[in-house]
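Trainee: My questions all concern the structure below.
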Amino acid sequence: MKRRDFFKSFSSIALLGALPSALKAKNQKAEYNWKMVTTWPKNFPGLGTGAQYLADSINKLSGGRIKVTVYGAGELVPAFEIFDAVSNGVAELGHGSAYYWKGKNDTFQFFSTVPFGMTANEMNSWLYKGGGMELWEQAYSDFNLLPMAAGNTGVQMGGWFNKEINSLSDLKGLKMRIPGLGGEVLKRAGGTPVNLPGGELFTALKTGTIDATEWVSPYNDLAFGLHKAAKFYYYPGWHEPGTTLECFVNKDKYLELPEDLRSILLGASKMANLDMLCEMISRNNEALQILQDKHKVDIRPYPDEVLNELYEISKNVVKELSSSSDFAKEVYNSYSSFQEKTRNWNNISLKSYLNIKK
């Protein structure tokens, strides 16, 4: 069954509960015992719990026919080795974000996030209704993987710093943990991007291995205690305006499943995609208030001058990436044209509404 056929078959995710597999006895022995490896610490708020939510959903919707055991970063394989682990069949499922695998193909980054790019709702619309998912599947096909959107952080924060950022020159010489295309933008602004898994950020920042770091947003950053290692907390997350989290499955293992279980796997990922975004939106403000009121964190906006200059650098970085191959150009054209269409509508609808004084 093709992905688009499955999603057209149901008017809502709730109807998944009516699938025959979900009606089987709870105590039925699992037909498939699968492993999910992740880039996140086990049960880390939002990201790790999002992976567990997906695993639990697969277990329940399949009536226990697929049992998924989740392994946090480093438990079975290191955080940044899960792509190869699933590709090679060491595990059946992986949970991460596509920009971590840019070393395989730079184009993967479009399926995670683009600096000054699409928001969460725009990304989901592009993937599900704008041809993005088909391109993503094509991108991963050479690696025996089938990707699925399985979460979104929403707009992130700009990062933690131990010095003020008043101009672009303040980024020069700065060693900052920042992945993906945002890291390339920082590099061209004179900084040094570093790619570290989340579990290493606090120690690296505290010991001076890095000078600054972005992670996600208040909900996740508070959980890591990053406020204990840096003084200034900048916004907005220009580099990650709507980061898609992924679950990818070994294609050989996927094709071994009967069609109803394939459908459950795809449907559960869509449930997890929505659930994570809702959790982020519901948790971030409370965490922000704790950081501000209890921990007295200095929360600041990036100066307009800095954002404007980063925007110009970003345009060049993304444009150069689009010319790296015919496939990159195809993905870029799809992404950018969809973004332009949705922005026109959002300016009339969402932006004008949010600008109303309340």
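The chains in the structure tokens are called A, B, ... from first to last as shown; in each chain the residues are counted from 1, and the ligands are counted from 1 in the order shown.
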Taking 6 positions as the minimum chain separation for residues in the same chain, which residues sit within 9 Å of Leu201 (chain A) when counting only C-alpha atoms? Answer as a list in words.

Mentor: Arg177, Ile210, Thr213, Trp215, Phe224 and Leu226 of chain A

Trainee: Quick check, in Å to one decimal: how far apart do CA of Gly63 (chain A) and CA of Gly46 (chain A) lie?

Mentor: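 Computed distance, CA of Gly63 (chain A) to CA of Gly46 (chain A), equals 25.1 Å.
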
Trainee: Write down as a VMD selection string the residues of region 96-323 of chain A whose backbone DSSP state falls under alpha helix (DSSP H).

Mentor: chain A and resid 120 to 129 132 to 141 180 to 188 201 to 207 218 to 224 251 to 256 259 to 289 304 to 322

Trainee: Please list as a count of residues only every residue within 8 Å of Gly130 (chain A), counting only C-alpha atoms and excluding residues in the same chain fewer than 4 positions away.

Mentor: 4

Trainee: Report the distance between CA of Ile66 (chain A) and CA of Leu277 (chain A) in Å, rounded to one decimal place.

Mentor: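 Atom-to-atom, CA of Ile66 (chain A) to CA of Leu277 (chain A), that is 25.0 Å.
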
Trainee: Residues near Phe248 (chain A), anyone? I mean within 8 Å using only C-alpha atoms, not counting same-chain ones fewer than 4 positions away, as a count of residues only.

Mentor: 8

Trainee: Which residue is closest to Glu81 (chain A)? Choose from A:Ala30, A:Val37, A:Leu265, A:Val185 and count only C-alpha atoms.

Mentor: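 Distance minimum relative to Glu81 (chain A) lands on A:Val37.
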
Trainee: Near region 67-70 of chain A, counting only C-alpha atoms, which residues have an atom at most 7 Å away, once you skip same-chain residues fewer than 2 positions from it, shown as a list in words?

Mentor: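 That gives Ala30, Tyr32, Asn33, Trp34, Lys35, Met36, Val37, Gln52, Ala55, Asn59, Gly64, Arg65 and Gly72 of chain A.
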
Trainee: Next, write the just-selected residues to a file, as a PDB file, in the first residue's frame, keeping C-alpha atoms as the atom set.

Mentor:
```pdb
ATOM      1  CA  ALA A  30       4.150 -10.418  19.225  1.00  0.00           C
ATOM      2  CA  TYR A  32       7.450  -8.897  15.174  1.00  0.00           C
ATOM      3  CA  ASN A  33       9.885  -7.818  17.890  1.00  0.00           C
ATOM      4  CA  TRP A  34      11.491  -4.633  16.639  1.00  0.00           C
ATOM      5  CA  LYS A  35      14.157  -2.310  17.990  1.00  0.00           C
ATOM      6  CA  MET A  36      14.048   1.492  17.684  1.00  0.00           C
ATOM      7  CA  VAL A  37      17.349   3.349  18.115  1.00  0.00           C
ATOM      8  CA  GLN A  52       8.441   6.193  23.107  1.00  0.00           C
ATOM      9  CA  ALA A  55       6.618   2.862  19.852  1.00  0.00           C
ATOM     10  CA  ASN A  59       2.271  -1.662  19.881  1.00  0.00           C
ATOM     11  CA  GLY A  64       0.543  -6.387  20.161  1.00  0.00           C
ATOM     12  CA  ARG A  65       1.556  -7.919  16.837  1.00  0.00           C
ATOM     13  CA  GLY A  72      18.205   5.789  23.822  1.00  0.00           C
TER      14      GLY A  72
END
```

Trainee: Find the distance between CA of Lys60 (chain A) and CA of Trp40 (chain A) and write it in Å to one decimal.

Mentor: 22.8 Å

Trainee: Using DSSP assignments from the backbone, pull out every residue in region 126-281 of chain A that falls under strand (DSSP E or B) and give it to me as a PyMOL selection string.

Mentor: chain A and resi 145-152+159-161+175-177+192-194+212-213+232-235+244-250

Trainee: Keeping C-alpha atoms, export the residues of the selection given above as a PDB file, in the first residue's frame.

Mentor:
```pdb
ATOM      1  CA  LEU A 145      15.196   3.212   4.361  1.00  0.00           C
ATOM      2  CA  LEU A 146      11.641   4.534   4.337  1.00  0.00           C
ATOM      3  CA  PRO A 147      11.260   7.888   6.174  1.00  0.00           C
ATOM      4  CA  MET A 148       8.246   9.105   8.105  1.00  0.00           C
ATOM      5  CA  ALA A 149       7.613  12.465   9.769  1.00  0.00           C
ATOM      6  CA  ALA A 150       7.305  11.666  13.480  1.00  0.00           C
ATOM      7  CA  GLY A 151       7.341  14.984  15.334  1.00  0.00           C
ATOM      8  CA  ASN A 152       8.060  18.677  15.107  1.00  0.00           C
ATOM      9  CA  GLY A 159      20.627  29.519  21.625  1.00  0.00           C
ATOM     10  CA  TRP A 160      22.623  29.916  24.826  1.00  0.00           C
ATOM     11  CA  PHE A 161      25.621  32.263  24.970  1.00  0.00           C
ATOM     12  CA  LYS A 175      32.462  27.647  18.711  1.00  0.00           C
ATOM     13  CA  MET A 176      28.781  26.802  18.727  1.00  0.00           C
ATOM     14  CA  ARG A 177      26.881  23.556  18.659  1.00  0.00           C
ATOM     15  CA  THR A 192      32.832  27.392  14.076  1.00  0.00           C
ATOM     16  CA  PRO A 193      29.870  24.994  14.014  1.00  0.00           C
ATOM     17  CA  VAL A 194      30.116  21.866  16.156  1.00  0.00           C
ATOM     18  CA  ALA A 212      27.530  28.528  22.801  1.00  0.00           C
ATOM     19  CA  THR A 213      24.838  26.061  21.915  1.00  0.00           C
ATOM     20  CA  PHE A 232      22.191  34.734  27.769  1.00  0.00           C
ATOM     21  CA  TYR A 233      19.268  33.025  26.018  1.00  0.00           C
ATOM     22  CA  TYR A 234      18.568  34.455  22.557  1.00  0.00           C
ATOM     23  CA  TYR A 235      15.537  34.181  20.285  1.00  0.00           C
ATOM     24  CA  THR A 244      10.704  17.896  11.535  1.00  0.00           C
ATOM     25  CA  LEU A 245      11.673  14.848  13.557  1.00  0.00           C
ATOM     26  CA  GLU A 246      11.740  11.554  11.723  1.00  0.00           C
ATOM     27  CA  CYS A 247      11.252   7.874  12.141  1.00  0.00           C
ATOM     28  CA  PHE A 248      12.831   5.759   9.443  1.00  0.00           C
ATOM     29  CA  VAL A 249      12.310   2.047   8.934  1.00  0.00           C
ATOM     30  CA  ASN A 250      14.501  -0.559   7.280  1.00  0.00           C
TER      31      ASN A 250
END
```

Trainee: Let me make sure I understand: among A:Met276, A:Ala91, A:Leu127, A:Ala51, which one has the smallest atom-to-atom distance to Ser112 (chain A) if we use only C-alpha atoms?

Mentor: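 The closest residue to Ser112 (chain A) is A:Leu127.
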
Trainee: If you count only C-alpha atoms, which residues fall within 12 Å of region 302-309 of chain A, apart from same-chain ones fewer than 4 positions away, as number ranges by chain?

Mentor: A: 115-116, 157-161, 164-171, 185-186, 188-189, 232-239, 313-316

Trainee: Include N, CA and C atoms and write out the residues we just selected as an mmCIF file, in the first residue's frame.

Mentor:
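Below you can see again.cif, which holds the result:
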```
data_model
loop_
_atom_site.group_PDB
_atom_site.id
_atom_site.type_symbol
_atom_site.label_atom_id
_atom_site.label_comp_id
_atom_site.auth_asym_id
_atom_site.auth_seq_id
_atom_site.Cartn_x
_atom_site.Cartn_y
_atom_site.Cartn_z
ATOM 1 N N PRO A 115 17.168 27.275 7.487
ATOM 2 C CA PRO A 115 17.189 28.596 8.117
ATOM 3 C C PRO A 115 16.225 29.562 7.430
ATOM 4 N N PHE A 116 15.401 30.236 8.237
ATOM 5 C CA PHE A 116 14.390 31.167 7.733
ATOM 6 C C PHE A 116 13.417 30.469 6.778
ATOM 7 N N MET A 157 14.315 28.187 19.967
ATOM 8 C CA MET A 157 15.035 29.349 20.483
ATOM 9 C C MET A 157 16.357 29.502 19.739
ATOM 10 N N GLY A 158 16.970 30.682 19.875
ATOM 11 C CA GLY A 158 18.187 30.968 19.124
ATOM 12 C C GLY A 158 19.449 30.391 19.712
ATOM 13 N N GLY A 159 19.455 30.153 21.025
ATOM 14 C CA GLY A 159 20.627 29.519 21.625
ATOM 15 C C GLY A 159 21.097 30.186 22.903
ATOM 16 N N TRP A 160 22.033 29.505 23.553
ATOM 17 C CA TRP A 160 22.623 29.916 24.826
ATOM 18 C C TRP A 160 24.040 30.436 24.594
ATOM 19 N N PHE A 161 24.325 31.611 25.161
ATOM 20 C CA PHE A 161 25.621 32.263 24.970
ATOM 21 C C PHE A 161 26.124 32.797 26.301
ATOM 22 N N GLU A 164 27.224 38.717 25.037
ATOM 23 C CA GLU A 164 26.158 39.378 24.301
ATOM 24 C C GLU A 164 26.411 39.290 22.790
ATOM 25 N N ILE A 165 25.328 39.197 22.040
ATOM 26 C CA ILE A 165 25.405 39.218 20.581
ATOM 27 C C ILE A 165 24.752 40.520 20.115
ATOM 28 N N ASN A 166 25.584 41.488 19.817
ATOM 29 C CA ASN A 166 25.094 42.804 19.395
ATOM 30 C C ASN A 166 25.285 43.064 17.907
ATOM 31 N N SER A 167 26.201 42.341 17.291
ATOM 32 C CA SER A 167 26.456 42.492 15.863
ATOM 33 C C SER A 167 26.976 41.168 15.325
ATOM 34 N N LEU A 168 27.041 41.066 14.015
ATOM 35 C CA LEU A 168 27.511 39.825 13.401
ATOM 36 C C LEU A 168 28.956 39.520 13.797
ATOM 37 N N SER A 169 29.714 40.529 14.082
ATOM 38 C CA SER A 169 31.114 40.313 14.465
ATOM 39 C C SER A 169 31.240 39.532 15.771
ATOM 40 N N ASP A 170 30.210 39.560 16.600
ATOM 41 C CA ASP A 170 30.249 38.811 17.855
ATOM 42 C C ASP A 170 30.175 37.309 17.633
ATOM 43 N N LEU A 171 29.808 36.890 16.422
ATOM 44 C CA LEU A 171 29.769 35.466 16.106
ATOM 45 C C LEU A 171 31.105 34.948 15.586
ATOM 46 N N VAL A 185 25.661 28.419 7.895
ATOM 47 C CA VAL A 185 25.461 29.866 7.968
ATOM 48 C C VAL A 185 26.380 30.470 9.029
ATOM 49 N N LEU A 186 26.446 29.830 10.191
ATOM 50 C CA LEU A 186 27.347 30.312 11.246
ATOM 51 C C LEU A 186 28.793 30.325 10.766
ATOM 52 N N ARG A 188 29.945 30.739 7.777
ATOM 53 C CA ARG A 188 30.186 31.846 6.853
ATOM 54 C C ARG A 188 30.123 33.194 7.560
ATOM 55 N N ALA A 189 29.505 33.204 8.744
ATOM 56 C CA ALA A 189 29.497 34.423 9.550
ATOM 57 C C ALA A 189 30.759 34.535 10.400
ATOM 58 N N PHE A 232 23.145 34.080 28.663
ATOM 59 C CA PHE A 232 22.191 34.734 27.769
ATOM 60 C C PHE A 232 21.445 33.705 26.920
ATOM 61 N N TYR A 233 20.140 33.930 26.778
ATOM 62 C CA TYR A 233 19.268 33.025 26.018
ATOM 63 C C TYR A 233 18.602 33.853 24.927
ATOM 64 N N TYR A 234 19.031 33.615 23.664
ATOM 65 C CA TYR A 234 18.568 34.455 22.557
ATOM 66 C C TYR A 234 17.444 33.792 21.763
ATOM 67 N N TYR A 235 16.627 34.633 21.155
ATOM 68 C CA TYR A 235 15.537 34.181 20.285
ATOM 69 C C TYR A 235 15.422 35.153 19.124
ATOM 70 N N PRO A 236 14.766 34.751 18.004
ATOM 71 C CA PRO A 236 14.140 33.460 17.738
ATOM 72 C C PRO A 236 15.116 32.474 17.118
ATOM 73 N N GLY A 237 14.638 31.232 16.923
ATOM 74 C CA GLY A 237 15.452 30.207 16.286
ATOM 75 C C GLY A 237 15.421 30.346 14.772
ATOM 76 N N TRP A 238 16.137 31.331 14.264
ATOM 77 C CA TRP A 238 16.176 31.590 12.827
ATOM 78 C C TRP A 238 16.640 30.359 12.040
ATOM 79 N N HIS A 239 17.468 29.563 12.683
ATOM 80 C CA HIS A 239 18.071 28.404 12.033
ATOM 81 C C HIS A 239 17.141 27.194 11.998
ATOM 82 N N ILE A 313 22.931 35.635 4.341
ATOM 83 C CA ILE A 313 23.873 34.520 4.240
ATOM 84 C C ILE A 313 23.111 33.226 3.978
ATOM 85 N N SER A 314 21.991 33.057 4.675
ATOM 86 C CA SER A 314 21.199 31.839 4.530
ATOM 87 C C SER A 314 20.699 31.657 3.108
ATOM 88 N N LYS A 315 20.243 32.731 2.488
ATOM 89 C CA LYS A 315 19.761 32.639 1.113
ATOM 90 C C LYS A 315 20.850 32.091 0.190
ATOM 91 N N ASN A 316 22.085 32.561 0.384
ATOM 92 C CA ASN A 316 23.191 32.090 -0.448
ATOM 93 C C ASN A 316 23.515 30.626 -0.177
#
```

Trainee: My list of candidates is A:Ala272, A:Gly199, A:Phe80, A:Gly173. Which is closest to Lys42 (chain A) when distances are computed with only C-alpha atoms?

Mentor: A:Gly199

Trainee: Taking into account only C-alpha atoms, which residue in the set A:Glu340, A:Asp211, A:Asp221, A:Glu256 is nearest to Ala287 (chain A)?

Mentor: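 Among the listed residues, the smallest separation from Ala287 (chain A) belongs to A:Asp221.
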
Trainee: Please, which residues in region 54-165 of chain A fall within 10 Å of region 320-326 of chain A when counting only C-alpha atoms, and what is the closest atom pair and distance in Å to one decimal for each, ordered by chain then residue number, as JSON lines?

Mentor:
```
{"residue": "A:Asp106", "atom": "CA", "partner": "A:Leu321", "partner_atom": "CA", "distance": 7.3}
{"residue": "A:Thr107", "atom": "CA", "partner": "A:Leu321", "partner_atom": "CA", "distance": 7.4}
{"residue": "A:Gln109", "atom": "CA", "partner": "A:Leu321", "partner_atom": "CA", "distance": 9.9}
{"residue": "A:Phe110", "atom": "CA", "partner": "A:Leu321", "partner_atom": "CA", "distance": 9.9}
```

Trainee: I need the residue nearest Asp298 (chain A) from this list: A:Phe83, A:Glu92, A:Lys231, A:Val216. Use only C-alpha atoms for the distance.

Mentor: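 Counting only C-alpha atoms, the residue closest to Asp298 (chain A) is A:Lys231.
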